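Novice: What follows is target_0.txt, compact mmCIF, C-alpha atoms.
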# COMPACT_ATOMS: atom_id res chain seq x y z
CA MET A 82 -11.46 -42.82 4.86
CA VAL A 83 -8.01 -42.77 3.28
CA LYS A 84 -6.14 -39.56 3.92
CA LYS A 85 -4.63 -37.81 0.97
CA ARG A 86 -0.89 -38.48 0.92
CA VAL A 87 1.21 -35.43 1.75
CA PRO A 88 3.71 -34.71 -1.06
CA GLU A 89 7.31 -35.45 -0.11
CA TRP A 90 8.35 -31.86 -0.76
CA MET A 91 6.02 -30.77 2.03
CA ASN A 92 7.91 -32.89 4.57
CA SER A 93 11.26 -31.31 3.76
CA SER A 94 13.05 -29.54 6.60
CA LEU A 95 13.12 -26.51 4.31
CA TRP A 96 9.51 -25.75 5.27
CA THR A 97 10.31 -25.23 8.95
CA SER A 98 10.79 -21.74 10.32
CA ASN A 99 12.33 -20.71 13.61
CA PRO A 100 10.07 -18.64 15.86
CA SER A 101 10.91 -15.02 16.52
CA PRO A 102 9.86 -12.52 19.18
CA GLU A 103 6.28 -11.45 18.68
CA THR A 104 5.77 -8.13 17.04
CA GLU A 105 3.35 -5.56 18.37
CA GLU A 106 -0.20 -6.34 17.34
CA ARG A 107 -1.62 -3.97 14.78
CA TYR A 108 -5.17 -2.83 14.37
CA THR A 109 -7.47 -4.45 11.82
CA PRO A 110 -9.00 -2.32 9.05
CA ILE A 111 -12.75 -1.96 8.70
CA PRO A 112 -14.05 -2.44 5.17
CA ILE A 113 -16.20 0.24 3.49
CA PRO A 114 -17.70 0.60 -0.05
CA ILE A 115 -15.29 1.56 -2.85
CA PRO A 116 -15.69 2.85 -6.40
CA ILE A 117 -12.18 3.81 -7.48
CA PRO A 118 -11.35 5.65 -10.70
CA LYS A 119 -8.53 4.16 -12.72
CA PRO A 120 -5.72 6.69 -13.31
CA GLU A 121 -3.81 7.15 -16.49
CA PRO A 122 -0.19 6.00 -16.82
CA ILE A 123 2.78 8.41 -16.31
CA ILE A 124 6.33 9.71 -15.34
CA GLN A 125 9.27 11.80 -16.32
CA THR A 126 12.43 10.35 -17.70
CA PRO A 127 14.58 10.21 -14.64
CA PRO A 128 18.24 10.12 -15.54
CA ILE A 129 19.77 6.79 -14.60
CA PRO A 130 22.27 7.92 -11.99
CA GLU A 131 25.38 6.12 -10.95
CA PRO A 132 24.30 3.23 -8.72
CA GLN A 133 23.94 4.36 -5.17
CA ILE A 134 22.29 2.72 -2.23
CA VAL A 135 18.92 4.02 -1.10
CA LYS A 136 18.84 3.46 2.62
CA GLN A 137 16.25 0.89 3.68
CA GLN A 138 15.07 0.02 7.13
CA GLU A 139 17.86 -1.24 9.38
CA SER A 140 17.26 -4.45 11.22
CA ILE A 141 16.86 -4.49 14.98
CA GLN A 142 20.20 -6.20 15.30
CA GLU A 143 21.93 -3.44 13.30
CA GLU A 144 20.34 -0.79 15.47
CA GLU A 145 21.62 -2.45 18.61
CA GLU A 146 25.17 -2.82 17.33
CA GLU A 147 27.64 -0.08 16.55
CA GLU A 148 27.96 0.19 12.81
CA ASP A 149 31.43 0.44 11.34
CA GLU A 150 31.81 3.87 9.79
CA HIS A 151 32.99 2.43 6.50
CA HIS A 152 30.63 -0.54 6.43
CA GLY A 153 28.34 -0.49 3.35
CA THR A 154 25.38 -2.53 2.13
CA SER A 155 26.59 -5.67 0.44
CA PHE A 156 25.07 -7.11 -2.70
CA SER A 157 25.23 -10.70 -3.80
CA PRO A 158 26.49 -11.44 -7.33
CA GLU A 159 22.88 -12.21 -8.26
CA ASP A 160 21.75 -8.77 -7.00
CA ILE A 161 24.49 -7.01 -8.94
CA SER A 162 23.62 -8.92 -12.09
CA ARG A 163 19.90 -8.22 -11.69
CA GLN A 164 20.57 -4.53 -11.01
CA SER A 165 22.62 -4.32 -14.21
CA GLN A 166 19.87 -6.05 -16.17
CA LEU A 167 17.18 -3.76 -14.73
CA LEU A 168 19.23 -0.63 -15.49
CA ALA A 169 19.78 -1.88 -19.03
CA GLU A 170 16.04 -2.48 -19.48
CA LEU A 171 15.15 0.93 -18.04
CA SER A 172 17.56 2.64 -20.44
CA ARG A 173 15.72 1.36 -23.52
CA LYS A 174 13.65 3.80 -25.56
CA VAL A 175 10.65 1.48 -25.28
CA ILE A 176 10.70 -0.77 -22.24
CA ASN A 177 9.83 -4.45 -22.56
CA LEU A 178 7.29 -4.77 -19.75
CA LEU A 179 7.31 -8.57 -19.79
CA GLU A 180 11.07 -8.67 -19.29
CA LEU A 181 10.84 -5.98 -16.62
CA ARG A 182 8.24 -8.03 -14.75
CA ARG A 183 10.41 -11.13 -14.95
CA LEU A 184 13.42 -9.33 -13.50
CA ALA A 185 11.49 -7.42 -10.84
CA SER A 186 9.64 -10.51 -9.61
CA GLN A 187 12.96 -11.86 -8.28
CA GLY A 188 13.42 -8.77 -6.10
CA ILE A 189 14.66 -5.29 -6.92
CA PRO A 190 18.07 -4.27 -5.47
CA ASP A 191 17.93 -1.18 -3.27
CA GLY A 192 20.01 1.11 -5.41
CA ALA A 193 20.04 3.76 -8.13
CA GLY A 194 16.34 4.55 -7.68
CA ILE A 195 15.48 1.37 -9.58
CA ARG A 196 12.56 0.31 -7.40
CA SER A 197 10.91 3.72 -7.65
CA THR A 198 10.97 3.73 -11.45
CA VAL A 199 10.05 0.04 -11.80
CA TRP A 200 7.04 0.29 -9.49
CA LYS A 201 5.73 3.27 -11.44
CA LEU A 202 5.98 1.24 -14.63
CA LEU A 203 4.39 -1.85 -13.08
CA LEU A 204 1.49 0.29 -11.79
CA SER A 205 1.03 1.84 -15.25
CA TYR A 206 1.87 5.29 -13.93
CA LEU A 207 4.68 5.55 -16.46
CA PRO A 208 4.19 4.57 -20.12
CA THR A 209 6.64 2.08 -21.57
CA ASP A 210 7.84 4.70 -24.09
CA ARG A 211 10.42 6.82 -22.29
CA GLY A 212 9.84 9.64 -24.71
CA HIS A 213 6.43 10.31 -23.11
CA TRP A 214 7.63 10.37 -19.51
CA VAL A 215 8.31 14.11 -19.19
CA ALA A 216 4.93 15.22 -20.58
CA GLU A 217 2.94 12.61 -18.65
CA LEU A 218 4.68 13.44 -15.39
CA ALA A 219 4.10 17.14 -15.83
CA ARG A 220 0.42 16.58 -16.60
CA LYS A 221 -0.24 14.28 -13.65
CA ARG A 222 1.69 16.38 -11.17
CA SER A 223 -0.19 19.47 -12.33
CA GLN A 224 -3.45 17.57 -11.91
CA TYR A 225 -2.55 16.65 -8.34
CA LYS A 226 -1.74 20.28 -7.54
CA HIS A 227 -5.20 21.17 -8.84
CA PHE A 228 -6.68 18.59 -6.45
CA THR A 229 -4.84 20.10 -3.49
CA ASP A 230 -5.88 23.63 -4.44
CA GLU A 231 -9.53 22.68 -4.82
CA LEU A 232 -10.07 20.00 -2.18
CA LEU A 233 -7.92 21.13 0.74
CA VAL A 234 -9.48 24.59 1.02
CA ASN A 235 -11.45 25.54 4.13
CA PRO A 236 -15.02 26.68 3.27
CA SER A 237 -14.26 30.06 4.87
CA GLU A 238 -11.78 30.65 2.06
CA ILE A 239 -14.56 30.12 -0.45
CA THR A 240 -16.79 32.53 1.45
CA ARG A 241 -14.06 35.17 1.40
CA LYS A 242 -13.76 34.78 -2.36
CA LEU A 243 -17.49 35.34 -2.68
CA GLU A 244 -17.11 38.59 -0.77
CA THR A 245 -15.05 40.15 -3.49
CA SER A 246 -16.97 38.75 -6.46
CA THR A 247 -20.71 38.84 -5.68
CA ARG A 248 -21.46 42.10 -3.90
CA LEU A 249 -24.55 44.03 -4.85
CA GLU A 250 -23.64 46.92 -7.12
CA THR A 251 -25.86 49.39 -5.31
CA ASP A 252 -24.34 48.76 -1.88
CA GLU A 253 -20.79 48.05 -3.00
CA SER A 254 -19.29 51.35 -1.90
CA LYS A 255 -20.92 51.19 1.56
CA LEU A 256 -19.94 47.60 2.26
CA GLU A 257 -16.40 47.85 0.98
CA ASP A 258 -15.09 49.59 4.06
CA LYS A 259 -16.75 47.10 6.42
CA GLY A 260 -15.73 44.06 4.41
CA LEU A 261 -19.15 42.47 4.92
CA LEU A 262 -21.17 40.35 2.54
CA PRO A 263 -24.88 41.31 2.43
CA ARG A 264 -27.11 38.65 4.03
CA SER A 265 -29.10 38.37 0.80
CA GLU A 266 -25.95 37.49 -1.12
CA ILE A 267 -24.92 34.48 0.97
CA PRO A 268 -26.16 31.43 -0.95
CA GLN A 269 -27.97 28.86 1.17
CA GLY A 270 -25.32 26.26 0.32
CA GLU A 271 -22.51 28.52 1.59
CA HIS A 272 -24.05 29.31 4.99
CA PRO A 273 -22.18 27.61 7.87
CA LEU A 274 -25.47 26.45 9.44
CA SER A 275 -26.84 24.95 6.23
CA LEU A 276 -27.65 21.24 6.43
CA GLY A 277 -28.24 20.85 2.70
CA LYS A 278 -26.49 17.97 0.97
CA THR A 279 -24.79 20.38 -1.43
CA SER A 280 -23.65 22.72 1.33
CA ILE A 281 -19.89 23.08 1.41
CA TRP A 282 -20.04 23.63 5.17
CA ASN A 283 -22.16 20.55 5.78
CA GLN A 284 -19.70 18.55 3.70
CA PHE A 285 -16.81 20.12 5.63
CA PHE A 286 -18.23 18.99 8.97
CA GLN A 287 -18.78 15.47 7.60
CA ASP A 288 -15.19 15.39 6.34
CA THR A 289 -13.92 16.40 9.77
CA GLU A 290 -14.71 13.01 11.29
CA ILE A 291 -12.83 11.17 8.53
CA ILE A 292 -9.91 13.60 8.71
CA GLU A 293 -9.61 12.99 12.45
CA GLN A 294 -9.41 9.23 11.79
CA ILE A 295 -6.78 9.80 9.11
CA ASP A 296 -4.77 11.96 11.53
CA ARG A 297 -4.82 9.24 14.18
CA ASP A 298 -3.76 6.52 11.75
CA VAL A 299 -1.04 8.56 10.06
CA LYS A 300 0.57 9.34 13.42
CA ARG A 301 0.91 5.64 14.21
CA THR A 302 2.22 4.61 10.79
CA HIS A 303 5.43 2.61 11.24
CA PRO A 304 6.48 4.11 14.59
CA ASP A 305 9.69 2.08 14.28
CA LEU A 306 10.85 4.12 11.27
CA HIS A 307 12.26 7.62 11.69
CA PHE A 308 11.08 8.31 8.16
CA PHE A 309 7.47 8.31 9.39
CA SER A 310 7.70 9.05 13.11
CA GLY A 311 9.51 11.35 15.48
CA ASP A 312 9.80 15.08 15.99
CA SER A 313 12.04 15.83 13.03
CA SER A 314 10.73 18.21 10.38
CA PHE A 315 11.41 15.50 7.79
CA ALA A 316 9.18 12.96 9.54
CA LYS A 317 6.43 15.53 10.07
CA SER A 318 6.53 16.58 6.40
CA ASN A 319 6.18 12.92 5.40
CA GLN A 320 3.21 12.50 7.72
CA GLU A 321 1.59 15.58 6.21
CA ALA A 322 2.07 14.16 2.73
CA LEU A 323 0.34 10.90 3.73
CA ARG A 324 -2.45 12.90 5.33
CA ARG A 325 -3.07 15.03 2.23
CA ILE A 326 -3.08 12.00 -0.08
CA LEU A 327 -5.63 10.15 2.06
CA ILE A 328 -7.89 13.21 2.44
CA ILE A 329 -7.89 13.89 -1.29
CA PHE A 330 -8.54 10.22 -2.02
CA ALA A 331 -11.47 10.21 0.41
CA LYS A 332 -13.00 13.33 -1.15
CA LEU A 333 -12.61 12.07 -4.72
CA ASN A 334 -14.08 8.67 -3.80
CA PRO A 335 -17.23 9.34 -1.75
CA GLY A 336 -18.33 5.71 -2.15
CA ILE A 337 -15.34 4.43 -0.17
CA ARG A 338 -13.98 7.53 1.57
CA TYR A 339 -11.29 6.38 3.97
CA VAL A 340 -10.89 2.86 5.39
CA GLN A 341 -8.83 2.40 8.53
CA GLY A 342 -5.54 0.81 7.53
CA MET A 343 -5.23 2.45 4.11
CA ASN A 344 -2.30 4.38 5.56
CA GLU A 345 -0.38 1.10 5.84
CA VAL A 346 -0.90 0.33 2.14
CA LEU A 347 0.06 3.88 1.21
CA ALA A 348 3.27 3.97 3.27
CA PRO A 349 5.48 1.66 1.12
CA LEU A 350 4.67 3.59 -2.04
CA PHE A 351 5.50 6.97 -0.53
CA TYR A 352 8.65 5.65 1.15
CA VAL A 353 10.02 4.25 -2.11
CA PHE A 354 9.17 7.33 -4.20
CA ARG A 355 10.39 9.82 -1.58
CA ASN A 356 13.74 8.01 -1.44
CA ASP A 357 14.32 8.26 -5.18
CA PRO A 358 17.88 9.62 -5.60
CA ASP A 359 16.64 11.86 -8.40
CA GLU A 360 15.81 15.09 -6.55
CA GLU A 361 13.00 16.13 -8.86
CA ASN A 362 11.27 12.77 -8.53
CA ALA A 363 11.73 12.80 -4.75
CA ALA A 364 10.23 16.29 -4.54
CA SER A 365 7.16 15.12 -6.50
CA ALA A 366 6.77 11.89 -4.51
CA GLU A 367 3.44 12.99 -3.06
CA ALA A 368 1.76 13.42 -6.44
CA ASP A 369 3.29 10.24 -7.86
CA THR A 370 2.26 8.26 -4.78
CA PHE A 371 -1.34 9.45 -5.00
CA PHE A 372 -1.89 8.14 -8.53
CA CYS A 373 -0.06 4.85 -7.88
CA PHE A 374 -2.09 4.39 -4.69
CA VAL A 375 -5.34 4.80 -6.62
CA GLU A 376 -4.16 2.31 -9.25
CA LEU A 377 -3.08 -0.24 -6.64
CA LEU A 378 -6.36 -0.02 -4.72
CA SER A 379 -8.40 -0.33 -7.91
CA GLY A 380 -7.30 -3.96 -8.11
CA PHE A 381 -8.61 -4.67 -4.60
CA ARG A 382 -11.63 -2.36 -4.49
CA ASP A 383 -14.16 -5.19 -3.99
CA HIS A 384 -12.46 -6.18 -0.73
CA PHE A 385 -13.45 -2.84 0.78
CA CYS A 386 -17.09 -2.88 -0.30
CA GLN A 387 -19.31 -4.22 2.49
CA GLN A 388 -22.18 -4.84 0.09
CA LEU A 389 -19.95 -7.29 -1.77
CA ASP A 390 -18.58 -9.11 1.29
CA ASN A 391 -20.66 -12.22 0.59
CA SER A 392 -20.45 -12.03 -3.20
CA VAL A 393 -18.10 -13.93 -5.50
CA VAL A 394 -15.78 -10.91 -5.61
CA GLY A 395 -15.88 -9.87 -1.94
CA ILE A 396 -13.24 -10.35 0.75
CA ARG A 397 -14.85 -13.52 2.11
CA SER A 398 -14.73 -15.11 -1.32
CA THR A 399 -11.05 -14.19 -1.65
CA ILE A 400 -10.28 -15.74 1.75
CA THR A 401 -12.15 -18.87 0.65
CA LYS A 402 -9.94 -19.04 -2.45
CA MET A 403 -6.89 -18.97 -0.21
CA SER A 404 -8.38 -21.76 1.90
CA GLN A 405 -9.06 -23.87 -1.19
CA LEU A 406 -5.52 -23.26 -2.40
CA LEU A 407 -4.17 -24.62 0.88
CA LYS A 408 -6.49 -27.63 0.66
CA GLU A 409 -5.26 -28.34 -2.86
CA HIS A 410 -1.60 -28.33 -1.85
CA ASP A 411 -1.70 -29.58 1.74
CA GLU A 412 -4.98 -31.17 2.71
CA GLU A 413 -3.62 -32.46 6.01
CA LEU A 414 -2.73 -28.94 7.18
CA TRP A 415 -5.99 -27.51 5.86
CA ARG A 416 -8.01 -30.16 7.72
CA HIS A 417 -6.10 -29.63 10.98
CA LEU A 418 -6.59 -25.85 10.87
CA GLU A 419 -10.20 -25.61 9.75
CA ILE A 420 -11.75 -28.89 10.90
CA THR A 421 -9.76 -30.08 13.92
CA THR A 422 -8.72 -26.83 15.60
CA LYS A 423 -11.43 -24.70 13.92
CA VAL A 424 -9.16 -21.76 13.12
CA ASN A 425 -11.30 -19.75 10.73
CA PRO A 426 -8.99 -18.22 8.08
CA GLN A 427 -10.82 -14.91 8.48
CA PHE A 428 -9.19 -14.60 11.91
CA TYR A 429 -5.77 -14.04 10.31
CA ALA A 430 -6.09 -13.85 6.51
CA PHE A 431 -8.37 -10.80 6.54
CA ARG A 432 -5.46 -8.60 7.64
CA TRP A 433 -2.94 -10.43 5.46
CA ILE A 434 -5.00 -9.79 2.33
CA THR A 435 -6.48 -6.32 2.91
CA LEU A 436 -3.17 -4.80 4.04
CA LEU A 437 -1.09 -6.70 1.45
CA LEU A 438 1.11 -8.29 4.13
CA THR A 439 2.50 -4.94 5.28
CA GLN A 440 1.91 -5.83 8.94
CA GLU A 441 3.33 -9.36 8.94
CA PHE A 442 6.99 -8.65 8.13
CA ASN A 443 9.54 -5.92 8.71
CA PHE A 444 9.38 -3.00 6.31
CA ALA A 445 12.32 -3.97 4.09
CA ASP A 446 10.92 -7.49 3.66
CA SER A 447 7.51 -6.04 2.78
CA LEU A 448 9.10 -4.08 -0.06
CA HIS A 449 10.68 -7.29 -1.38
CA ILE A 450 7.29 -9.03 -1.30
CA TRP A 451 5.69 -6.11 -3.11
CA ASP A 452 8.30 -6.38 -5.88
CA THR A 453 6.84 -9.81 -6.60
CA LEU A 454 3.19 -8.84 -6.09
CA LEU A 455 3.38 -5.90 -8.50
CA SER A 456 5.30 -7.92 -11.09
CA ASP A 457 2.63 -10.55 -11.68
CA PRO A 458 0.96 -9.98 -15.08
CA GLU A 459 -2.17 -11.68 -13.68
CA GLY A 460 -2.41 -8.94 -11.06
CA PRO A 461 -1.28 -8.80 -7.42
CA GLN A 462 -4.16 -10.81 -5.96
CA GLU A 463 -3.28 -14.24 -7.35
CA THR A 464 0.33 -13.93 -6.22
CA LEU A 465 -0.81 -12.58 -2.84
CA LEU A 466 -2.94 -15.69 -2.24
CA ARG A 467 -0.04 -17.98 -3.14
CA VAL A 468 2.27 -16.11 -0.76
CA CYS A 469 -0.34 -16.42 2.02
CA CYS A 470 -0.60 -20.15 1.34
CA ALA A 471 3.19 -20.47 1.34
CA MET A 472 3.27 -18.75 4.74
CA LEU A 473 1.12 -21.54 6.13
CA VAL A 474 3.19 -24.27 4.48
CA LEU A 475 6.44 -22.88 5.90
CA ILE A 476 5.22 -23.30 9.48
CA ARG A 477 3.12 -26.44 8.91
CA ARG A 478 4.93 -28.52 11.56
CA ARG A 479 4.25 -25.97 14.27
CA LEU A 480 0.65 -25.61 13.14
CA LEU A 481 0.06 -29.38 13.05
CA ALA A 482 1.37 -29.62 16.61
CA GLY A 483 -0.74 -26.70 17.86
CA ASP A 484 -4.26 -26.21 19.15
CA PHE A 485 -6.71 -23.36 18.45
CA THR A 486 -5.09 -20.86 20.82
CA SER A 487 -1.45 -21.48 19.90
CA ASN A 488 -2.17 -21.58 16.17
CA LEU A 489 -4.20 -18.39 16.17
CA LYS A 490 -1.48 -16.62 18.14
CA LEU A 491 1.18 -17.89 15.73
CA LEU A 492 -0.76 -16.78 12.65
CA GLN A 493 -1.55 -13.35 14.04
CA HIS A 494 2.13 -12.87 14.96
CA TYR A 495 3.84 -14.54 12.05
CA PRO A 496 7.45 -15.57 12.81
CA SER A 497 10.40 -14.14 10.91
CA THR A 498 11.37 -16.06 7.81
CA ASN A 499 13.63 -15.91 4.77
CA ILE A 500 11.59 -13.83 2.32
CA SER A 501 13.41 -15.10 -0.77
CA HIS A 502 12.62 -18.64 0.31
CA LEU A 503 8.99 -17.73 1.04
CA LEU A 504 8.59 -16.32 -2.46
CA TYR A 505 10.31 -19.40 -3.89
CA VAL A 506 7.74 -21.64 -2.19
CA ALA A 507 4.90 -19.42 -3.44
CA ASP A 508 6.24 -19.72 -6.98
CA LYS A 509 6.49 -23.50 -6.53
CA LEU A 510 2.79 -23.56 -5.62
CA ARG A 511 2.04 -21.76 -8.89
CA ALA A 512 4.05 -24.32 -10.84
CA ARG A 513 2.27 -27.22 -9.10
CA SER A 514 -1.14 -25.67 -9.83
CA VAL A 515 -0.28 -25.26 -13.50
CA GLY A 516 1.16 -28.76 -13.65
Translate the structure described by the file into C-alpha cells.

Specialist:
Amino acid sequence: MVKKRVPEWMNSSLWTSNPSPETEERYTPIPIPIPIPKPEPIIQTPPIPEPQIVKQQESIQEEEEEEDEHHGTSFSPEDISRQSQLLAELSRKVINLLELRRLASQGIPDGAGIRSTVWKLLLSYLPTDRGHWVAELARKRSQYKHFTDELLVNPSEITRKLETSTRLETDESKLEDKGLLPRSEIPQGEHPLSLGKTSIWNQFFQDTEIIEQIDRDVKRTHPDLHFFSGDSSFAKSNQEALRRILIIFAKLNPGIRYVQGMNEVLAPLFYVFRNDPDEENAASAEADTFFCFVELLSGFRDHFCQQLDNSVVGIRSTITKMSQLLKEHDEELWRHLEITTKVNPQFYAFRWITLLLTQEFNFADSLHIWDTLLSDPEGPQETLLRVCCAMLVLIRRRLLAGDFTSNLKLLQHYPSTNISHLLYVADKLRARSVG
C-alpha cells in the first residue's frame, strides 16, 4: 500500500515546538443534558476612552523578575495599527460586523477596553447600531437583577412574606403579636418537609448539591491569578459573581443545570468584562457576563447532552470531525496516533473541545485564541476544530517519535507555543480545505 505523501509544508521546521514544563493537570468536565435559551443582543454605548492598557496575566518569567517601575506593555506596529482600526470601527454609528470580525480574528490588543466591547458585539449581546446600546444594556441588566432577586432567595424568605400576606382575617389580631402563621395557611408546597415536585423547599434541597459543586469549582478557578484567587476582597467578590452566574444559569436551565468545568468557560468572559476601563461597564460585568455566557454555550449545547453523545451532533461526533480533519491534512500523523499507538482522540480532545482550550494555554494566550474563535462567522466550533488540528501538526515530529504513553502525556500537557503562529497554521488548514 502506497502511503499518502506528506505535503512539504508539513515537514518545515516551523511546525516544531520546544517542550515546556508540564502544567498542573486539570479536572475533566462531566457532560449533562442542555437546553439553553438564546439571549437577545445588547449593551450601552461605552465612551471610547483614551487608549490605556488593561492589565493581563503576567508570565511566570515576569513574576520571577523585578519589574522596572517605568516599564510598560509594548505593542508592535501591527498591534497599534489594528487597535486604531478597531477603535475607528467601534466609533461608527452602525458597526460593520464583517469588518470587525476580520480585524478581531487577528487578535485584539489589550487596551482601551476594546476586547470587552468587541466580544459583546461578536456574541450578539450588543446590537450593531450604537444608538440602541444604552436602552438594551439597561433592559438586560435590569432583567439580570430580576433573576437575582427571584432565584437567589432562600425559601424561608418566601415563607416570611406569606406570613404578612395570607393570615386568616379572624385570627389576625391574635397571631400578630406572636408572628406565627396558622398551620392551615401553610401551603403544602411551602412546607419544609414537603417532597412534592413543586415544593420550593424540595427544590432548594436539590439545588444545594449543585451549589456545593459550584462552590468547589469556583474556588479552584485559575488559582494562579490574583483576580480569581486569594484572600483579597476583590478576589472574593469576583468568586461570588461567578458563583451567582452559575447558580442562576443552573436554575434557569433545569435540563442542563451545572456541568463541572463550566466555571472555566465562564472565567475569561468575566475577566474581560470586569477589566473594562469604563467604570459603569465594569460594575455591570456580572450581568453582561451572564448573557454572553448563555449565548456562547448555546453554540455548544449538544456537547453537554449525554443523550446526544452518540448522535451526529454530540461530542463524540465532533471529536470524530477533528480526527477526520487531521487525516485529511496529515494522514501519516493520524495513522501513527490512532492506528499505531492507539491514542484515542477522546483521551485529550474531549477537554480541548468542551472547555474551549482554556486549560491548555496560559490565560493571556487563551484570550487571544478566543478572539479568533468568536470572530468566525461560521461559529466558534469550526475554528476550534482547526486550532485543535493545528496543535497536533505543530508537534508532529515529537508525536511521530513517541509511543502511547509519551504521546498521551504530551497531549494532555500541551507544550507552550507561539499562539500567533498556531492560529496562522489553523487558518492555513482552512485555506487548504477550501482549496

Novice: Please identify all polymer residues within 9 Å of His307 in chain A, counting all atoms listed in the file, omitting same-chain residues fewer than 6 positions from it, and present them as a list of chain:residue names.

Specialist: A:Ser313, A:Phe315, A:Ala316

Novice: One decimal, in Å: what's the spacing between CA of Asp191 in chain A and CA of Arg173 in chain A?

Specialist: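 CA of Arg173 in chain A lies 20.5 Å from CA of Asp191 in chain A.
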
Novice: Separation of CA of Pro458 in chain A and CA of Ala445 in chain A, in Å?

Specialist: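 CA of Ala445 in chain A lies 23.1 Å from CA of Pro458 in chain A.
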
Novice: Do you have the CA of Ser310 in chain A-CA of Asp288 in chain A distance handy?

Specialist: 24.7 Å

Novice: Which is closer to Leu407 in chain A than all the others in A:Gly311, A:Ala366, A:Asp296, A:Met472, using all atoms listed in the file?

Specialist: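 Counting all atoms listed in the file, the residue closest to Leu407 in chain A is A:Met472.
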
Novice: Please return as a list in words every residue within 10 Å of (-1.0, -3.8, 1.1), taking into account all atoms listed in the file and the file's own coordinates.

Specialist: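 Residues with an atom close enough to that point: Gly342, Met343, Asn344, Glu345, Val346, Leu347, Ala348, Pro349, Leu350, Leu377, Leu378, Phe381, Arg432, Trp433, Ile434, Thr435, Leu436, Leu437, Leu438, Thr439, Gln440, Ser447, Trp451, Leu454, Pro461 and Leu465 of chain A.
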
Novice: For Ala471 in chain A, which residue out of A:Met403, A:Leu491, A:Leu179, A:Ala219 is the nearest one, using only C-alpha atoms?

Specialist: A:Met403

Novice: For Glu441 in chain A, which residue among A:Tyr429, A:Ser186, A:Lys201, A:Pro335 is the nearest when counting all atoms listed in the file?

Specialist: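 Of A:Tyr429, A:Ser186, A:Lys201, A:Pro335, the one nearest Glu441 in chain A is A:Tyr429, counting all atoms listed in the file.
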
Novice: Given the choices A:His410, A:Lys317, A:Arg222, A:His227, which gets closest to Phe371 in chain A if the distance is worked out from all atoms listed in the file?

Specialist: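 Checking each candidate against Phe371 in chain A, we get A:Arg222 as the closest.
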
Novice: Counting only C-alpha atoms, figure out which residue out of A:Gln166, A:Phe309, A:Ile176, A:Leu480 gets nearest to His213 in chain A.

Specialist: A:Ile176

Novice: Of the candidates A:Val424, A:Ile476, A:Ile329, A:Leu207, which one gets nearest to Glu231 in chain A if we count all atoms listed in the file?

Specialist: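 Of A:Val424, A:Ile476, A:Ile329, A:Leu207, the one nearest Glu231 in chain A is A:Ile329, counting all atoms listed in the file.
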